[in-house]
Each structure stands twice: as C-alpha cells, then as structure tokens.
Amino acid sequence: MRKPDSSIRAKRIIDSAWSYLLLVVIAFIFLFPCVWLITSSFSSTGSIYDYVGFFPKTFSFSTWIDLFTKKTPSCNYPVWLGNTFYVAILSCIFSTILVILTAYTMSRFRFKSRKMMMKMTLLFGIFPTFMNMTALFVIMTQLHLFNNLNGLIILYSCSAPIGYLTQKGFFDTIPNSIYDAARIDGANNFQVFVKMTLPLSKAMIVYTALTSFTFPWSDFILPQMLLGGNKDNYTVAIGLNEMTDDMFSLFAAGSVFIAVPIVILYFSLAKFLVNGVAAGAVKE
Amino acid sequence: MSGEKLLHRAAEPFRKLDRFLKTCTSSAKCSMFLMGLGQIRNKQVGKGILLILAEIAFFVYYALIGVTDFIGLFTLGTKAGDPILGITGDNSITMLIRGVISVVVTMFLVFVYYQNVRDAENVALRRGEGKPVNGFKQSLGTLLDEKFYMVTLALPVVGVIMFNVLPIVFTILTAFTNYSSEIAPPKLVDWIGFGNFITLFTVTSYISTIGKIFYWNIIWAVLATFLSYFGGLCLALLINKNCVKGRAFWRAFPILAYAVPGFITMIGFRYMFSGMGPINWLFVKIWGEAARVDFLGINSVWAARIVCLLVNTWVTIPASMLLSTSVLSNMNKDMYEAADLDGASSMQQFIYLTLPFVFFATTPILITQFIGNFNNFGISFFLRGGLMNMSEYFNANSTDLLINWLYNLALGGSNNYYGLASAVSILIFILTGTFSLLAYVTSPSYKKEDTYK
C-alpha cells in the first residue's frame, strides 16, 4: 500500500535538508584551511603565536612585499620560484614525450618482451623513487648531477614512463580499425603515430602534461635529497619547509603563491578531471 | 620428478645449442666468431660494419675499465685510503656502482651477440631460399615501421634502467654490505652477507622498533585506504543525489583541496595542530586549560595517529571522490528504478547495487591506493616535522611507517646506517611487491585489457 503524498513530501524535504546541511559542513571543512592560509599571509606580524585563535590581529601587505623583495639567508623566494619553474617546465616537456611514447607503444604493438616489461614496470612503479635514496645519492654524485637542478629534471623525466598505465588505457580504447585503415592506405607506423594517434589524443596529452608539471612543481622529497646545502639551488618546497614558526605568514604567502597556478589549472580542467582521472585506469 | 629427468631437462638448452652449432649456416658461424662478419658475408655490409664497430667498442671498454670494474665488484677495494698520510685508496662505493655497470654492459653484450647470430642465421636462410634481403636503407626503414616500437621504447627503457633499475639493484647490494657513515670511503666497505638482516631481527632495540612500526603500518594502510575510499564514494553519492542542485559548485570545494600541493596542506596542518596553535586555542577556549592536547608532540601516540589519519583523509578524499564520480556516471540507471519498484530501501540499493559495481570497477586503483598508503612518507614526515627518538623506539616516532624509518636510518640522524636502511628497503620491496603483483595479475583489468579493441 502506498503512503499518502504529504508524508512522502515531508520525507523528501527532510532528506534534502540533511543533504544540504552535510554539504555545507563538508564544503566548510575543505575550504577553511585554505581560507586560513590566505588570511595568514596578510598578517602584519610574522609569527603564528601572535594570533587570536585562527586569525591574525592586524592585517597588512607587508609579508607579500617582503616575499618578493627581501633577500635574507633563510628566504630567497624569487630565486626559488625561478628554480621551481625551470625544473617543472623542462621535466614536464620531457616526461610527457617519454610517457606518451611508452604508452602508445605498449598499447599498439605486440612484441616478445611486452608482458614481462609490463609486470616489471608495475613492480618498479609501486616503489617511490626516493626509496633508493642512498643509491640515488651515490649515482647522482658519480654523474656530477648532485646539487644540480638538471639532475632533478633527468630524474623526474626518466622515472615518468613507469607511470604510463593511465595513458596506455586511453590508447587501448582507440579501435584498431582506425589504424588498419591508415595502414591499408600505405602509411607506416611512424606516420600513423604522427598523423593519426597524436591528433586523436590531444586531451590525453594535456592531461599528461598537466600531471607531469604539477608533480615536480609541488614535490618536496627529491629536491630535499638532491639539492642539499646550497640555498641558491632550492626549490620553493624545500625553502618553505625550512621556515620556522615565527615566519608563518611568510610561509603562508609563499604557499598561496605557488598553489594559485595549480588551482587555476585544475579548475579550468575540472570537467576533464572528472572524466579523465578514471578514463584510463578504470576498466571492467 | 626423478633426479634423472631433472638432469635431462636441465641439459636441454645445451642440447639445443649443440644442435644449432651442428646445423647452422656458415654465416651464423662467422657472426659467432666476430660480430658483423656473417652480415658482411650475407652482403649486408652497412649492418656488418656497425656491428664490428660495436664489438671493438665493447673490447676497448673491457680493456680499459670493464675488467677492473668487474673484479672490484667482488673485492670492493683492497687499499684503504688515508687522508692524513695523503693516500688515495680504493673508493668502495664507486667500485660497487662501476661493478654493477660492468655487469649491465656484459648483459647488453650478450644480448647484442645473440641477436647478431640470430640475424645472420635468418638472413642466410632467406638468401638460401632465394628470397630478397633488406639493404641497409631498408633495414633502417623497418625501424619506422615493423620495429617502430624499438625506436619509441629505446629512450624510456634506457632512462628507466639508469635511474630506476640501477638504484634498486644498488640498494639491494648495499643491504649486504656494512656501509654506514662510520664505515664509508676512505675506509673500506665490505660484504657481510646477511649481517644486516640478522642485526635487524636479533638486536632488541631494532626488532622491537620494527614490530611496533609494522603494527601501526598495517593498521594505518587499512584505515587510511578505507577512509579515503568510502569517504570519497559517499561524497560522490551525496553530490549525485537527485535533490542536490548545483553539483559543479559543491564539487569545487574538494577540487580546491585536491589542487593545493600536498606538502603545503600538511605543513599547514602541522601549524594548525601545534601545541600553541589555533585548534588548541579553540579547545582551551571551550573547555579550559585542561583540554590542551599535545597532538603532534614527541610523546603523543594515539592523538598523533588520529590527526595523521584525519589529515590524510582530507588530502585523499577529493581524488577518491572524482574517481567514484566517473565510475558512477558509467552505471546503469535502470537497475535503480527496478530496485525502487521492488521496494528496496536506499540503504539496500547502496549495499547490493552501488557497492559491488564500484568495487569491481576500481579494484586496481584500490590496490595502488593501499600500497601508496603503506608507503606514505609525507604524512608523518611533515606533520611530525621529522621528529625522532621517541622512547621505546629506535630512530622513529609513533606515526612513522617503515618508509619513514628507512629515511631516518639512512639520512635522518647523525649516524647514517646505509646498509641497515637498504635491508629495510628490501623488506618493504618484498612485502608490497608480492602483494601488489598478486593482486594485479588476478585483477580483471590485466586479464581483459583488449576488451575495447
């Protein structure tokens, strides 16, 4: 027997009220730390201990001005930012090329050692690169790449192909018939790749470039290991981590500034993100 | 299997080789004698000259440094240096790396040699049958076509071997040496067999630390994965509810959190939960001074662990939500209508329809997330600020995972126990490697990769 309409409507209203209440709470939880950092960057005194609760007593722009103009032994933000940019952009270019090539090859060709290679990359892929920190330290010293931004770029680019699975999943969804048609027309595999595959996979290339830019941009551990000592070689991440409690507003300003480009990137690609994260990785 | 049979099977490759030597063409024999000779005999001069040059390069390498490097791998140096007397002795660590490289070069030589003989044999057979043989230009042409994969994979493979495989090999080897900051060049490092493993599992301070860390490591990996996975799923379902308007707006908040670099979030939370920080200010304001909690201090165990879990959930839920959203969008809506008609409650629909579907589609990701959490270095490192030497622990604190301990042993303290740290790496390799390889090979996405072809 069906319940009367009014009771159903009441139930629905309560249900949606609960849902919205929950959503507001969740939105607050995610938003609050970000707002907290932003307001902190406008604190007129640097230390976190001068705050009343969560927020600074007085506000000013002085921290932001200091961030870009003052050069102190413990803070040299413009140079760090330049280093981070240099590493992230070059790593992004090389990683994207290597990952796309690897993923395309693994998806399109069937050759003898393929399955073995897939298992091996999977095995290596689960171990963070820095787990072999002693080895990396020694090897990079041998190659004169220790304390050198280029060493970092080489390391990021060379480890990138290991994470090719998402991209391979994408190439797997391009039907073979498209390729076969081109092959019948006499194109060789190189031409097929340049003229068919690349234009078809623009979205995936953008996704790959984005992720391989954001990783070095916000990575901390490898720079910390390989750029020890010389503060002029620091990236923003190491610099910010070494700041002390009384430099909290400087930390907040520096963090907000490097987070903003990434946030903008993510939001402009939000639609793609909702579909793209799972496009390659999730399959039945 | 009887011993005789086993012997028979073991001898099989040699019999094959013997048969091949008796029946192969003289071109193959020439190539066996000198790489490229058979190719020249097959009228493939360009290829032949390249191979001869390669062989010369190999020999120059072995004559100059290869052989010494290879021997060095076993001795790890015989002459200790002394900076005071000005003696530059052998550098064991350099010798270890160069020894490994000499092994890699040798493996590469064997591979090239094998390919060279095979190629000479195949081409000679084709010529014998009167079939056309590729000229040098055509051989290069196949690199853009049938063998295009060799071109595209060359650079990635070399890079991965150099900067991923070589370090892993080096780590594994280091685990069997006594390399530490006490015993490091100019002193001589030596092979000590399983010494490091024996130390780890017999010396009380190590074994009790491993036990405690491992206990928390497992709990952490399970709880962290569970919270982020189901948290993300529930959030995705909540935003997808029919009564919710403005989905893109609600989704923006988690995406904001997703976009902020992880280390910023974590250092931020460290300040927020610090002893005099805002959270404690709030506690004191509401409940008085007695309520102050030293969340991340050196003696904090469960308070620190809970904060770590909460922060990790905050950091990982957005990605998990995006994933669930895209999986849910592939789901067939008719099933829910049918279930509605049958009078299933929304809870029942969640348990019997949504959960199995999402679970099935995301198994590989669940594995990756579990491993990622098992080796989640950042959380404890940033939130505790590299705190070490908690009582009852050796070089670790209550939220450290095995991977943090490894870092502390190798680089964290004033003493660097490289050998021991590498032994811990091997333990992590074995634990996570076995688990994920098994889980992956049995997962549908590996077995049915050609579904959409």
# chains A, B, ... in the order shown; residues from 1 in each chain; ligands from 1
call {"tool": "interface_residues", "arguments": {"of": "chain B", "to": "chain A", "cutoff": "6 Å", "atoms": "only C-alpha atoms", "output": "PyMOL selection string"}}
result
chain B and resi 144-145+149+152+156+159-160+167+170-171+243+253+259-261+278+281+322-323+326+361-362+445+452-453
call {"tool": "atom_distance", "arguments": {"atom1": "atom CA of Asn375 of chain B", "atom2": "atom CA of Trp216 of chain B"}}
result
12.1 Å
call {"tool": "residues_around", "arguments": {"residues": "Ser391 of chain B", "least_positions_apart": "4", "cutoff": "10 Å", "atoms": "only C-alpha atoms", "output": "PyMOL selection string"}}
result
chain B and resi 298-299+395-398
call {"tool": "atom_distance", "arguments": {"atom1": "atom CA of Tyr417 of chain B", "atom2": "atom CA of Gly151 of chain A"}}
result
24.7 Å
call {"tool": "residues_around", "arguments": {"residues": "Leu34 of chain B", "least_positions_apart": "2", "cutoff": "10 Å", "atoms": "only C-alpha atoms", "output": "list in words"}}
result
Ala28, Lys29, Cys30, Ser31, Met32, Gly36, Leu37, Gly38, Gly48, Leu51, Ile52, Glu55, Ile56, Tyr113, Asn116 and Val117 of chain B
call {"tool": "residues_around", "arguments": {"residues": "Lys333 of chain B", "least_positions_apart": "6", "cutoff": "12 Å", "atoms": "only C-alpha atoms", "output": "list in words"}}
result
Ala339, Asp340, Gln349, Leu353 and Thr354 of chain B
call {"tool": "select_by_dssp", "arguments": {"residues": "segment 56-250 of chain B", "states": "strand (DSSP E or B)", "output": "ChimeraX atom specification"}}
result
/B:82,87,177,191
call {"tool": "write_last_selection", "arguments": {"atoms": "C-alpha atoms", "output": "PDB file, in the first residue's frame"}}
result
ATOM      1  CA  ASP B  82      94.235   7.736   4.497  1.00  0.00           C
ATOM      2  CA  ILE B  87      96.988   8.058   0.392  1.00  0.00           C
ATOM      3  CA  THR B 177      77.409  -4.580   2.975  1.00  0.00           C
ATOM      4  CA  TRP B 191      80.377  -7.608   2.000  1.00  0.00           C
TER       5      TRP B 191
END
call {"tool": "select_by_dssp", "arguments": {"residues": "segment 39-182 of chain A", "states": "helix (DSSP H, G or I)", "output": "PyMOL selection string"}}
result
chain A and resi 39-40+48-50+62-69+77-108+114-125+129-142+149-163+165-172+176-182
call {"tool": "closest_residue", "arguments": {"among": "B:Gly378, B:Gly141, B:Pro254, B:Gly99", "to": "Trp314 of chain B", "atoms": "only C-alpha atoms"}}
result
B:Pro254
call {"tool": "residues_around", "arguments": {"residues": "segment 62-64 of chain A", "least_positions_apart": "6", "cutoff": "8 Å", "atoms": "only C-alpha atoms", "output": "list in words"}}
result
Ser41, Phe42, Ser43, Ser44, Gly46, Ser249, Leu250 and Ala253 of chain A
call {"tool": "write_last_selection", "arguments": {"atoms": "C-alpha atoms", "output": "PDB file, in the first residue's frame"}}
result
ATOM      1  CA  SER A  41      49.550  35.587   4.577  1.00  0.00           C
ATOM      2  CA  PHE A  42      48.150  39.063   5.251  1.00  0.00           C
ATOM      3  CA  SER A  43      49.202  39.070   8.865  1.00  0.00           C
ATOM      4  CA  SER A  44      51.226  42.121   9.825  1.00  0.00           C
ATOM      5  CA  GLY A  46      55.023  37.041  11.057  1.00  0.00           C
ATOM      6  CA  SER A 249      52.952  34.402   7.420  1.00  0.00           C
ATOM      7  CA  LEU A 250      55.879  34.248   5.001  1.00  0.00           C
ATOM      8  CA  ALA A 253      52.199  33.794   1.411  1.00  0.00           C
TER       9      ALA A 253
END
call {"tool": "residues_around", "arguments": {"residues": "Asn408 of chain B", "least_positions_apart": "2", "cutoff": "10 Å", "atoms": "only C-alpha atoms", "output": "list in words"}}
result
Phe381, Gly386, Leu387, Met388, Asn389, Phe394, Asn395, Ala396, Asp400, Leu402, Ile403, Asn404, Trp405, Leu406, Ala410, Leu411, Gly412, Gly413, Ser414, Asn415, Asn416, Tyr417 and Ala421 of chain B
call {"tool": "write_last_selection", "arguments": {"atoms": "N, CA and C atoms", "output": "PDB file, in the first residue's frame"}}
result
ATOM      1  N   PHE B 381      56.253  12.579   8.066  1.00  0.00           N
ATOM      2  CA  PHE B 381      57.411  13.458   7.898  1.00  0.00           C
ATOM      3  C   PHE B 381      57.026  14.923   8.082  1.00  0.00           C
ATOM      4  N   GLY B 386      59.721  15.567  11.197  1.00  0.00           N
ATOM      5  CA  GLY B 386      60.947  14.774  11.259  1.00  0.00           C
ATOM      6  C   GLY B 386      61.373  14.431  12.680  1.00  0.00           C
ATOM      7  N   LEU B 387      60.378  14.365  13.575  1.00  0.00           N
ATOM      8  CA  LEU B 387      60.649  14.032  14.969  1.00  0.00           C
ATOM      9  C   LEU B 387      61.169  12.598  15.083  1.00  0.00           C
ATOM     10  N   MET B 388      62.176  12.402  15.942  1.00  0.00           N
ATOM     11  CA  MET B 388      62.722  11.051  16.056  1.00  0.00           C
ATOM     12  C   MET B 388      62.981  10.715  17.516  1.00  0.00           C
ATOM     13  N   ASN B 389      63.444   9.446  17.716  1.00  0.00           N
ATOM     14  CA  ASN B 389      63.905   9.019  19.034  1.00  0.00           C
ATOM     15  C   ASN B 389      62.864   9.160  20.127  1.00  0.00           C
ATOM     16  N   PHE B 394      63.582   3.146  18.199  1.00  0.00           N
ATOM     17  CA  PHE B 394      64.935   3.484  17.785  1.00  0.00           C
ATOM     18  C   PHE B 394      64.833   4.324  16.513  1.00  0.00           C
ATOM     19  N   ASN B 395      65.201   5.604  16.600  1.00  0.00           N
ATOM     20  CA  ASN B 395      65.183   6.484  15.435  1.00  0.00           C
ATOM     21  C   ASN B 395      63.814   6.593  14.770  1.00  0.00           C
ATOM     22  N   ALA B 396      62.748   6.616  15.555  1.00  0.00           N
ATOM     23  CA  ALA B 396      61.422   6.701  14.955  1.00  0.00           C
ATOM     24  C   ALA B 396      60.455   7.286  15.972  1.00  0.00           C
ATOM     25  N   ASP B 400      55.503   7.012  12.563  1.00  0.00           N
ATOM     26  CA  ASP B 400      56.389   6.660  11.452  1.00  0.00           C
ATOM     27  C   ASP B 400      56.001   5.319  10.857  1.00  0.00           C
ATOM     28  N   LEU B 402      57.271   2.204   7.954  1.00  0.00           N
ATOM     29  CA  LEU B 402      58.568   1.600   7.627  1.00  0.00           C
ATOM     30  C   LEU B 402      59.397   2.523   6.753  1.00  0.00           C
ATOM     31  N   ILE B 403      58.720   3.199   5.809  1.00  0.00           N
ATOM     32  CA  ILE B 403      59.469   4.021   4.872  1.00  0.00           C
ATOM     33  C   ILE B 403      60.063   5.259   5.564  1.00  0.00           C
ATOM     34  N   ASN B 404      59.391   5.759   6.601  1.00  0.00           N
ATOM     35  CA  ASN B 404      59.966   6.867   7.367  1.00  0.00           C
ATOM     36  C   ASN B 404      61.185   6.393   8.144  1.00  0.00           C
ATOM     37  N   TRP B 405      61.057   5.180   8.675  1.00  0.00           N
ATOM     38  CA  TRP B 405      62.150   4.628   9.458  1.00  0.00           C
ATOM     39  C   TRP B 405      63.378   4.452   8.578  1.00  0.00           C
ATOM     40  N   LEU B 406      63.115   3.967   7.364  1.00  0.00           N
ATOM     41  CA  LEU B 406      64.183   3.799   6.380  1.00  0.00           C
ATOM     42  C   LEU B 406      64.888   5.132   6.135  1.00  0.00           C
ATOM     43  N   ALA B 410      68.769   6.068   7.113  1.00  0.00           N
ATOM     44  CA  ALA B 410      69.743   6.385   6.075  1.00  0.00           C
ATOM     45  C   ALA B 410      70.217   7.831   6.154  1.00  0.00           C
ATOM     46  N   LEU B 411      69.306   8.756   6.290  1.00  0.00           N
ATOM     47  CA  LEU B 411      69.684  10.164   6.160  1.00  0.00           C
ATOM     48  C   LEU B 411      69.285  11.026   7.341  1.00  0.00           C
ATOM     49  N   GLY B 412      68.395  10.510   8.199  1.00  0.00           N
ATOM     50  CA  GLY B 412      67.795  11.383   9.196  1.00  0.00           C
ATOM     51  C   GLY B 412      68.714  11.794  10.338  1.00  0.00           C
ATOM     52  N   GLY B 413      69.345  10.838  10.985  1.00  0.00           N
ATOM     53  CA  GLY B 413      70.077  11.142  12.208  1.00  0.00           C
ATOM     54  C   GLY B 413      71.511  11.573  11.964  1.00  0.00           C
ATOM     55  N   SER B 414      72.271  11.592  13.047  1.00  0.00           N
ATOM     56  CA  SER B 414      73.674  11.959  12.901  1.00  0.00           C
ATOM     57  C   SER B 414      74.482  10.771  12.376  1.00  0.00           C
ATOM     58  N   ASN B 415      74.001   9.548  12.647  1.00  0.00           N
ATOM     59  CA  ASN B 415      74.618   8.360  12.066  1.00  0.00           C
ATOM     60  C   ASN B 415      73.808   7.898  10.879  1.00  0.00           C
ATOM     61  N   ASN B 416      74.471   7.600   9.787  1.00  0.00           N
ATOM     62  CA  ASN B 416      73.743   7.090   8.625  1.00  0.00           C
ATOM     63  C   ASN B 416      74.005   5.599   8.471  1.00  0.00           C
ATOM     64  N   TYR B 417      72.951   4.800   8.723  1.00  0.00           N
ATOM     65  CA  TYR B 417      73.097   3.351   8.595  1.00  0.00           C
ATOM     66  C   TYR B 417      72.631   2.933   7.211  1.00  0.00           C
ATOM     67  N   ALA B 421      69.486   0.457   6.388  1.00  0.00           N
ATOM     68  CA  ALA B 421      68.352   1.077   5.695  1.00  0.00           C
ATOM     69  C   ALA B 421      68.027   0.303   4.426  1.00  0.00           C
TER      70      ALA B 421
END
call {"tool": "closest_residue", "arguments": {"among": "B:Met272, B:Ile97, B:Val327, B:Val110", "to": "Ile365 of chain B", "atoms": "only C-alpha atoms"}}
result
B:Val327
call {"tool": "closest_residue", "arguments": {"among": "B:Ala291, B:Asn312, B:Arg98, B:Phe14", "to": "Ile279 of chain B", "atoms": "only C-alpha atoms"}}
result
B:Ala291
call {"tool": "closest_residue", "arguments": {"among": "B:Val103, B:Val222, B:Met35, B:Leu17", "to": "Asp119 of chain B", "atoms": "only C-alpha atoms"}}
result
B:Met35
call {"tool": "closest_residue", "arguments": {"among": "B:Gly135, B:Gly419, B:Gly277, B:Gly262", "to": "Lys47 of chain B", "atoms": "only C-alpha atoms"}}
result
B:Gly135
call {"tool": "atom_distance", "arguments": {"atom1": "atom CA of Ile153 of chain A", "atom2": "atom CA of Leu90 of chain A"}}
result
6.7 Å
